[in-house]
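Notes follow the structure.
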Amino acid sequence: MELVLALGIGILTSSGVWLILRPRTFQVILGLSLLSYAVNLFIYAIGRLKVDAPPIVGAVAGAASQYDDPLPQALVLTAIVISFAMTALLLVVLLASRGITGTDHVDGDDGE
Amino acid sequence: MSGDWARHLIIVPVLLPLVAGAAILLLKERHALAKRVAALGTATVLLGVSILLLVQVASAGFAGHRATTAYLVGDWPAPFGIVLVLDWLSALMLALTSTLGLTSLIYATARWDRAGPRFHSLFLFQLMGLNGAFLTGDLFNLFVFFEVLLAASFGLLLHGSGKARIKAALHYVAINVATSLLFLIGAALVYGVTGTLNMADLTDRIPAAGADDLAILQSGMAVLGIAFLVKAGMYPLGFWLSRTYSAAAPPVAALFAILSKVGVYALLRVYLLLFGGDDGGAANFGEEWLLFGGMATIVYGMIGVLAVRTLKRMAGYSLIISAGTLLAAVGAGQGDVLAGALFYLVSSTLGVSAFYLLIELIERREYDPLIAGEPVFDDEYAGAPDELETEVGVVIPATLAIIGGGFAFCALLIAGLPPLSGFISKFAMIDGLLNLGQTVPPTSWLLIALIIGSGLAILVATSRAGIDLIWGPSDMPTPALRVSEAVPVGLLLAVCLGLMVFAGPVMRYMERTGQSLADRKGYVEAVLRVSRTQARADRP
């Protein structure tokens, strides 16, 4: 499981970095989204991977090792909400830029 | 009872702009006057509260009591719950933010707040994000408040619309979203090693980190540091700054003058708290990066300020120079250098903010930069400029003399020439650098040369531009200057004058701030131990 997660984060990050270096605005937005997925998975992984372990203490409290770390999950939730809002905002700026400059190049002109 | 009331005052700078901003959103766009009054009232109350907090800290601190106070937002004890911390540095930054907030808002009421919709709410949310970032005692909440202030700044940057702003905003948003991701990676790495995100708790645990974890911890801090340095505008990371700020509407740019200082603040707070001590393997990590990066930033800013042809870009590069000076001073050493650097932070931020406001008054003669695009939303107020031409308001005579005088004052202030506060702060920094140890290291000499040289570069650039634009013969009609435009500039410059006249008490405050930043144990005790007992005592 560790290997799959690590590979997933790696592939998402590398695709994301490649995409944000591209000259088209839509590619940049996709790249930022992929990067934010990678970061979310990364934050989750930092709380150690555990299967079938609840993050909340039930009626009978057991040893701490029986539970998953709840804090990274809370952090990921916050990060998801924020990156969702930022992506929406970036989309608006993208559309405005496309409308005003007539091109989808990040610098507003194709250099032609 | 009065003590109880004062204890809750610390939450006001975060809550009040949030509530007021949300309430203003409910008003329709055509109730412009009501919006203005509500926003101005909120900004005035914020200034009052932040001055109260500053006095509270200073009176407690100078009387020999503990100046740092922690406030438990959810009444959970500190390492678990959210905690706000008020100390010398955050009280200072709060007062600076609300001063800039009020003056920029007064300036905006002259005409800029009607160039687009929802200006006042965005402005108040921006203030909330700034205040929250300065008050929080928790790494993840710092991230959240960074996002609040960034989201508001995106909206404010686009205020007034137009091609230049949209192009600048596209870059600014993309860079900042990517930076936020770096912030998250850094915070996650730090959490992975220490198991906490509370800054006081982190200070406690980092010296105990094992040798195996040290590499992860340091890479986490390095990633975090890059995120802060992008905000601060350090040399290879700060190319976005000048162009973005020059595209923004003038009152927005005047408020943005403090935005790059947020990065410097975060660095000061997190770096000095977590790595400032002499214990553990992580101590003094990355100091030389700050020093050399800061010096490179000064050089870059100097070249920029001499090369650009517009005043707005010039103001952007002087912001970069001031960020570089601050970063290098933090990297060079602590104690008196830090006190001088903090003085410089306050004085240069006020100076550049006033400069941005003045620039618009000067350049209005050449062309009218107020751009209103096609309306995007139904309730958007388009076509404001034409209508506004008719309501001129009270016009001040001798406009040119006032603008010219203000410009010269600003130039002296930013360049750091005597007798103004810019000079006093630079002098304090250089004095601190010379008294660091028995011998002065060559890097300190280099930094001193750069601090003086950058002042010269700014002076050359501003006087060249000033002669060109203000004192040279011109066929342009003299612009009409409204009271609401002259007053904020005057206020900002008056504060700088006050800093100069009362340099003694101000310097004492800065010295105590520098000492409190070095006193990591005091911070940890105030947040962790005291808040625990306080929480227990408060329960009935």
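Every chain in the structure tokens takes a letter, A first, then B, and so on in the order presented; its residues are numbered from 1, and the ligands are numbered from 1 following the presented order.
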Residues within 8 Å of stretch 345-354 of chain B, please, as a ChimeraX atom specification. Count only C-alpha atoms; anything in the same chain fewer than 3 positions from it doesn't count. /B:96,100,253-255,257-258,261,315,318-319,322,326,341-342,357-358,410,413-414,421-422,425,488-489,492-493,496,499
Just the residues within 10 Å of A:Leu32, please, counting only C-alpha atoms, with nothing from its chain fewer than 4 positions along; format it as a PyMOL selection string. (chain A and resi 13+15-17+19-20+26-28+36-38+83+86-87+90) or (chain B and resi 174-175+177-178+181)
Residues just named, written with N, CA and C atoms as a compact mmCIF listing (two decimals), in the first residue's frame:
# COMPACT_ATOMS: atom_id res chain seq x y z
N THR A 13 2.43 14.60 -8.67
CA THR A 13 3.30 15.78 -8.53
C THR A 13 4.03 16.07 -9.82
N SER A 15 3.33 15.18 -12.91
CA SER A 15 2.45 15.67 -13.97
C SER A 15 2.04 17.11 -13.68
N GLY A 16 1.76 17.38 -12.40
CA GLY A 16 1.33 18.72 -12.03
C GLY A 16 2.40 19.75 -12.31
N VAL A 17 3.65 19.43 -11.93
CA VAL A 17 4.74 20.39 -12.16
C VAL A 17 4.93 20.62 -13.66
N LEU A 19 2.68 20.37 -15.96
CA LEU A 19 1.57 21.14 -16.51
C LEU A 19 1.64 22.62 -16.13
N ILE A 20 2.07 22.94 -14.87
CA ILE A 20 2.07 24.37 -14.55
C ILE A 20 3.19 25.12 -15.27
N PHE A 26 -5.29 26.86 -19.27
CA PHE A 26 -6.04 25.69 -18.81
C PHE A 26 -5.10 24.62 -18.28
N GLN A 27 -3.97 24.46 -18.95
CA GLN A 27 -2.99 23.48 -18.47
C GLN A 27 -2.47 23.86 -17.09
N VAL A 28 -2.28 25.15 -16.86
CA VAL A 28 -1.78 25.59 -15.56
C VAL A 28 -2.80 25.24 -14.47
N SER A 36 -2.52 19.86 -6.07
CA SER A 36 -3.23 19.93 -4.79
C SER A 36 -3.70 18.53 -4.39
N TYR A 37 -4.06 17.67 -5.37
CA TYR A 37 -4.40 16.28 -5.01
C TYR A 37 -3.19 15.58 -4.39
N ALA A 38 -2.04 15.80 -5.03
CA ALA A 38 -0.82 15.16 -4.52
C ALA A 38 -0.53 15.62 -3.10
N SER A 83 -8.44 24.67 -1.67
CA SER A 83 -7.92 24.56 -3.04
C SER A 83 -9.07 24.53 -4.04
N MET A 86 -9.94 28.14 -4.54
CA MET A 86 -8.91 28.84 -5.32
C MET A 86 -8.99 28.45 -6.79
N THR A 87 -9.27 27.17 -7.07
CA THR A 87 -9.39 26.73 -8.46
C THR A 87 -10.55 27.43 -9.14
N LEU A 90 -9.51 30.89 -9.91
CA LEU A 90 -8.55 30.94 -11.01
C LEU A 90 -9.27 30.74 -12.35
N ALA B 174 -1.70 32.21 -9.78
CA ALA B 174 -1.03 30.93 -10.01
C ALA B 174 0.17 30.77 -9.07
N ILE B 175 0.96 31.82 -8.93
CA ILE B 175 2.13 31.74 -8.06
C ILE B 175 1.71 31.49 -6.62
N VAL B 177 -1.13 30.18 -5.43
CA VAL B 177 -1.72 28.86 -5.19
C VAL B 177 -0.60 27.82 -5.09
N ALA B 178 0.38 27.91 -5.98
CA ALA B 178 1.51 26.97 -5.92
C ALA B 178 2.27 27.13 -4.61
N LEU B 181 0.61 25.47 -1.74
CA LEU B 181 0.85 24.02 -1.71
C LEU B 181 2.19 23.72 -1.05
Compile the residues of chain B that lie within 9 Å of chain A, evaluated using only C-alpha atoms, and express the compilation as an MDAnalysis selection string. chainID B and resid 140 144 147 151 154 158 162:163 166:171 173:174 177:178 181:182 184:185 187:189 191:193 195
Go ahead and save the residues from that selection, with N, CA, C and O atoms, as a tab-separated table (two decimals), in the first residue's frame.
chain	number	residue	atom	x	y	z
B	140	PHE	N	-0.90	25.77	11.28
B	140	PHE	CA	-1.93	25.51	10.28
B	140	PHE	C	-2.90	26.68	10.17
B	140	PHE	O	-3.38	26.99	9.09
B	144	VAL	N	-4.31	29.00	7.09
B	144	VAL	CA	-5.69	29.38	6.80
B	144	VAL	C	-5.81	30.89	6.66
B	144	VAL	O	-6.44	31.38	5.72
B	147	GLU	N	-4.51	32.08	3.45
B	147	GLU	CA	-5.44	31.87	2.35
B	147	GLU	C	-6.54	32.92	2.36
B	147	GLU	O	-6.96	33.39	1.31
B	151	ALA	N	-7.07	35.20	-0.80
B	151	ALA	CA	-8.32	35.20	-1.56
B	151	ALA	C	-8.85	36.63	-1.68
B	151	ALA	O	-9.28	37.05	-2.76
B	154	PHE	N	-6.73	38.62	-4.16
B	154	PHE	CA	-7.04	38.34	-5.57
B	154	PHE	C	-8.18	39.24	-6.03
B	154	PHE	O	-8.12	39.86	-7.10
B	158	LEU	N	-7.99	42.53	-8.73
B	158	LEU	CA	-8.81	42.62	-9.94
B	158	LEU	C	-9.77	43.80	-9.89
B	158	LEU	O	-10.44	44.08	-10.89
B	162	GLY	N	-9.78	45.50	-16.28
B	162	GLY	CA	-8.82	46.01	-17.25
B	162	GLY	C	-7.77	44.97	-17.58
B	162	GLY	O	-7.51	44.05	-16.81
B	163	LYS	N	-7.14	45.13	-18.74
B	163	LYS	CA	-6.24	44.12	-19.27
B	163	LYS	C	-5.01	43.91	-18.37
B	163	LYS	O	-4.65	42.79	-18.03
B	166	ILE	N	-5.86	42.01	-15.16
B	166	ILE	CA	-6.19	40.59	-15.33
B	166	ILE	C	-4.93	39.80	-15.64
B	166	ILE	O	-4.72	38.70	-15.11
B	167	LYS	N	-4.07	40.37	-16.46
B	167	LYS	CA	-2.81	39.67	-16.76
B	167	LYS	C	-1.96	39.48	-15.51
B	167	LYS	O	-1.42	38.40	-15.25
B	168	ALA	N	-1.86	40.55	-14.73
B	168	ALA	CA	-1.06	40.46	-13.50
B	168	ALA	C	-1.70	39.48	-12.52
B	168	ALA	O	-1.01	38.70	-11.86
B	169	ALA	N	-3.05	39.50	-12.46
B	169	ALA	CA	-3.74	38.65	-11.50
B	169	ALA	C	-3.55	37.18	-11.84
B	169	ALA	O	-3.41	36.33	-10.96
B	170	LEU	N	-3.54	36.87	-13.14
B	170	LEU	CA	-3.37	35.48	-13.55
B	170	LEU	C	-2.05	34.92	-13.01
B	170	LEU	O	-2.00	33.83	-12.44
B	171	HIS	N	-0.99	35.71	-13.14
B	171	HIS	CA	0.31	35.26	-12.64
B	171	HIS	C	0.31	35.19	-11.12
B	171	HIS	O	0.79	34.24	-10.52
B	173	VAL	N	-2.18	34.87	-8.98
B	173	VAL	CA	-2.98	33.78	-8.41
B	173	VAL	C	-2.24	32.46	-8.58
B	173	VAL	O	-2.12	31.67	-7.63
B	174	ALA	N	-1.70	32.21	-9.78
B	174	ALA	CA	-1.03	30.93	-10.01
B	174	ALA	C	0.17	30.77	-9.07
B	174	ALA	O	0.35	29.71	-8.45
B	177	VAL	N	-1.13	30.18	-5.43
B	177	VAL	CA	-1.72	28.86	-5.19
B	177	VAL	C	-0.60	27.82	-5.09
B	177	VAL	O	-0.59	26.97	-4.19
B	178	ALA	N	0.38	27.91	-5.98
B	178	ALA	CA	1.51	26.97	-5.92
B	178	ALA	C	2.27	27.13	-4.61
B	178	ALA	O	2.66	26.15	-3.97
B	181	LEU	N	0.61	25.47	-1.74
B	181	LEU	CA	0.85	24.02	-1.71
B	181	LEU	C	2.19	23.72	-1.05
B	181	LEU	O	2.31	22.76	-0.27
B	182	LEU	N	3.20	24.55	-1.33
B	182	LEU	CA	4.49	24.37	-0.66
B	182	LEU	C	4.35	24.53	0.85
B	182	LEU	O	4.93	23.78	1.63
B	184	LEU	N	1.76	23.89	2.61
B	184	LEU	CA	1.12	22.69	3.15
B	184	LEU	C	2.13	21.55	3.28
B	184	LEU	O	2.14	20.82	4.28
B	185	ILE	N	2.97	21.37	2.25
B	185	ILE	CA	3.97	20.30	2.30
B	185	ILE	C	4.90	20.51	3.49
B	185	ILE	O	5.18	19.60	4.26
B	187	ALA	N	4.35	22.28	6.26
B	187	ALA	CA	3.65	22.08	7.53
B	187	ALA	C	3.44	20.60	7.80
B	187	ALA	O	3.59	20.13	8.94
B	188	ALA	N	3.12	19.83	6.74
B	188	ALA	CA	2.89	18.40	6.93
B	188	ALA	C	4.16	17.69	7.36
B	188	ALA	O	4.14	16.83	8.25
B	189	LEU	N	5.30	18.07	6.77
B	189	LEU	CA	6.57	17.45	7.15
B	189	LEU	C	6.90	17.75	8.61
B	189	LEU	O	7.34	16.87	9.36
B	191	TYR	N	4.78	18.46	10.93
B	191	TYR	CA	3.84	17.70	11.76
B	191	TYR	C	4.26	16.22	11.84
B	191	TYR	O	4.16	15.60	12.89
B	192	GLY	N	4.73	15.69	10.73
B	192	GLY	CA	5.12	14.29	10.70
B	192	GLY	C	6.23	13.97	11.70
B	192	GLY	O	6.25	12.89	12.29
B	193	VAL	N	7.14	14.92	11.89
B	193	VAL	CA	8.25	14.68	12.81
B	193	VAL	C	7.85	14.95	14.26
B	193	VAL	O	8.15	14.18	15.16
B	195	GLY	N	4.58	15.89	15.53
B	195	GLY	CA	3.25	15.54	16.00
B	195	GLY	C	2.47	16.71	16.54
B	195	GLY	O	1.48	16.53	17.24
State, in Å with one decimal place, the distance from atom CA of B:Glu511 to atom CA of B:Leu412.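 According to the coordinates, atom CA of B:Glu511 and atom CA of B:Leu412 are separated by 24.3 Å.
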Given only C-alpha atoms as the counted atoms, nearest of B:Asp87, B:Thr325, B:Gly294, B:Gly331 to B:Ala60: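 The shortest atom-to-atom distance to B:Ala60 comes from B:Asp87.
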Running DSSP on the backbone, which parts of chain A land in alpha helix (DSSP H), as a PyMOL selection string? chain A and resi 2-20+25-46+70-101
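Atom pair atom CA of B:Tyr172 / atom CA of B:Phe239: separated by 10.4 Å.
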Do you have the atom CA of B:Trp289-atom CA of B:Ala332 distance handy? 10.1 Å
For stretch 53-60 of chain A: contacts at 9 Å, only C-alpha atoms, fewer than 3 positions along chain excluded, given as a list in words: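 Once the nearby chain positions are removed, what remains is Lys50, Ser65, Gln66, Tyr67, Asp68, Asp69, Pro70, Leu71 and Gln73 of chain A.
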So which residues touch B:Leu450 within 9 Å, counting only C-alpha atoms, skipping near sequence neighbours fewer than 3 positions away, as a ChimeraX atom specification? /B:295,298-299,325,445-447,453-455
Could the residues in this selection be saved with N, CA and C atoms as a CSV table (one decimal), in the first residue's frame?
chain,number,residue,atom,x,y,z
B,295,MET,N,20.7,40.0,0.8
B,295,MET,CA,21.6,40.9,0.1
B,295,MET,C,21.4,40.9,-1.4
B,298,ILE,N,18.5,43.0,-2.2
B,298,ILE,CA,18.8,44.4,-2.2
B,298,ILE,C,19.4,44.8,-3.6
B,299,VAL,N,20.4,44.0,-4.0
B,299,VAL,CA,21.0,44.3,-5.3
B,299,VAL,C,20.0,44.4,-6.4
B,325,THR,N,16.4,44.1,2.8
B,325,THR,CA,17.1,44.7,3.9
B,325,THR,C,16.6,43.9,5.2
B,445,TRP,N,30.0,44.2,6.9
B,445,TRP,CA,30.4,45.4,6.1
B,445,TRP,C,29.7,45.5,4.8
B,446,LEU,N,29.6,44.3,4.1
B,446,LEU,CA,28.9,44.3,2.8
B,446,LEU,C,27.5,44.7,3.0
B,447,LEU,N,26.8,44.2,4.0
B,447,LEU,CA,25.4,44.5,4.2
B,447,LEU,C,25.2,46.0,4.5
B,453,GLY,N,24.0,52.0,0.0
B,453,GLY,CA,23.9,52.1,-1.4
B,453,GLY,C,22.5,52.1,-1.9
B,454,SER,N,21.6,51.2,-1.3
B,454,SER,CA,20.3,51.1,-1.8
B,454,SER,C,19.5,52.5,-1.6
B,455,GLY,N,19.9,53.1,-0.4
B,455,GLY,CA,19.3,54.4,-0.2
B,455,GLY,C,19.6,55.4,-1.3
Residues within 12 Å of B:Arg508, please, as number ranges by chain. Count only C-alpha atoms; anything in the same chain fewer than 2 positions from it doesn't count. B: 58, 61-62, 88, 336, 339-340, 342-343, 428, 499, 502-506, 510-515
Write the residues you've just listed into a file as a tab-separated table (two decimals), in the first residue's frame, and include C-alpha atoms for each of them.
chain	number	residue	atom	x	y	z
B	58	ALA	CA	3.57	48.00	26.25
B	61	GLY	CA	5.83	44.86	29.41
B	62	PHE	CA	7.46	48.06	30.62
B	88	TRP	CA	5.21	42.76	21.25
B	336	ASP	CA	19.93	45.37	18.38
B	339	ALA	CA	15.27	46.19	16.84
B	340	GLY	CA	16.56	48.45	14.08
B	342	LEU	CA	11.66	46.29	13.04
B	343	PHE	CA	11.79	50.08	13.16
B	428	ALA	CA	19.96	51.68	14.37
B	499	LEU	CA	8.08	58.07	14.63
B	502	PHE	CA	9.31	60.09	19.41
B	503	ALA	CA	12.17	57.94	18.19
B	504	GLY	CA	13.32	57.28	21.76
B	505	PRO	CA	10.17	55.55	23.07
B	506	VAL	CA	9.60	53.83	19.72
B	510	MET	CA	11.47	47.86	19.21
B	511	GLU	CA	14.30	46.78	21.50
B	512	ARG	CA	11.86	45.01	23.78
B	513	THR	CA	10.28	43.38	20.72
B	514	GLY	CA	13.68	42.10	19.64
B	515	GLN	CA	14.36	40.76	23.11
Proximity to B:Leu290 - best of B:Tyr509, B:Tyr235, B:Phe427, B:Phe123, only C-alpha atoms: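 Closest residue, counting only C-alpha atoms: B:Tyr235.
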Please provide the set of residues having any atom within 8 Å of B:Ser484, restricted to only C-alpha atoms, with same-chain residues fewer than 4 positions apart removed, written as an MDAnalysis selection string. chainID B and resid 106:107 109:110 488
Those same residues - all heavy atoms - I'd like them written as an mmCIF file, in the first residue's frame.
data_model
loop_
_atom_site.group_PDB
_atom_site.id
_atom_site.type_symbol
_atom_site.label_atom_id
_atom_site.label_comp_id
_atom_site.auth_asym_id
_atom_site.auth_seq_id
_atom_site.Cartn_x
_atom_site.Cartn_y
_atom_site.Cartn_z
ATOM 1 N N ILE B 106 -9.875 55.438 3.404
ATOM 2 C CA ILE B 106 -10.290 56.838 3.231
ATOM 3 C C ILE B 106 -9.964 57.289 1.811
ATOM 4 O O ILE B 106 -10.771 57.907 1.131
ATOM 5 C CB ILE B 106 -9.571 57.766 4.240
ATOM 6 C CG1 ILE B 106 -9.985 57.422 5.664
ATOM 7 C CG2 ILE B 106 -9.902 59.222 3.965
ATOM 8 C CD1 ILE B 106 -9.229 58.215 6.709
ATOM 9 N N TYR B 107 -8.775 56.921 1.354
ATOM 10 C CA TYR B 107 -8.367 57.303 0.004
ATOM 11 C C TYR B 107 -9.312 56.701 -1.029
ATOM 12 O O TYR B 107 -9.682 57.348 -2.011
ATOM 13 C CB TYR B 107 -6.943 56.825 -0.242
ATOM 14 C CG TYR B 107 -6.340 57.335 -1.520
ATOM 15 C CD1 TYR B 107 -5.632 58.522 -1.536
ATOM 16 C CD2 TYR B 107 -6.481 56.637 -2.702
ATOM 17 C CE1 TYR B 107 -5.085 59.006 -2.696
ATOM 18 C CE2 TYR B 107 -5.941 57.115 -3.879
ATOM 19 C CZ TYR B 107 -5.237 58.295 -3.874
ATOM 20 O OH TYR B 107 -4.704 58.777 -5.023
ATOM 21 N N THR B 109 -12.398 56.053 -0.796
ATOM 22 C CA THR B 109 -13.730 56.642 -0.871
ATOM 23 C C THR B 109 -13.779 57.821 -1.834
ATOM 24 O O THR B 109 -14.856 58.225 -2.251
ATOM 25 C CB THR B 109 -14.201 57.134 0.517
ATOM 26 O OG1 THR B 109 -13.237 58.053 1.007
ATOM 27 C CG2 THR B 109 -14.376 55.994 1.482
ATOM 28 N N ALA B 110 -12.627 58.396 -2.188
ATOM 29 C CA ALA B 110 -12.634 59.531 -3.107
ATOM 30 C C ALA B 110 -13.221 59.125 -4.451
ATOM 31 O O ALA B 110 -13.990 59.863 -5.048
ATOM 32 C CB ALA B 110 -11.234 60.084 -3.292
ATOM 33 N N PRO B 488 -5.461 61.019 3.854
ATOM 34 C CA PRO B 488 -4.731 59.783 4.160
ATOM 35 C C PRO B 488 -3.228 59.893 3.953
ATOM 36 O O PRO B 488 -2.447 59.376 4.769
ATOM 37 C CB PRO B 488 -5.342 58.750 3.206
ATOM 38 C CG PRO B 488 -6.167 59.483 2.264
ATOM 39 C CD PRO B 488 -6.520 60.771 2.869
#
Can you list, as an MDAnalysis selection string, every protein, DNA or RNA residue that comes within 6 Å of stretch 516-529 of chain B when you count only C-alpha atoms, leaving out same-chain residues fewer than 6 positions away? chainID B and resid 70 78 200 273
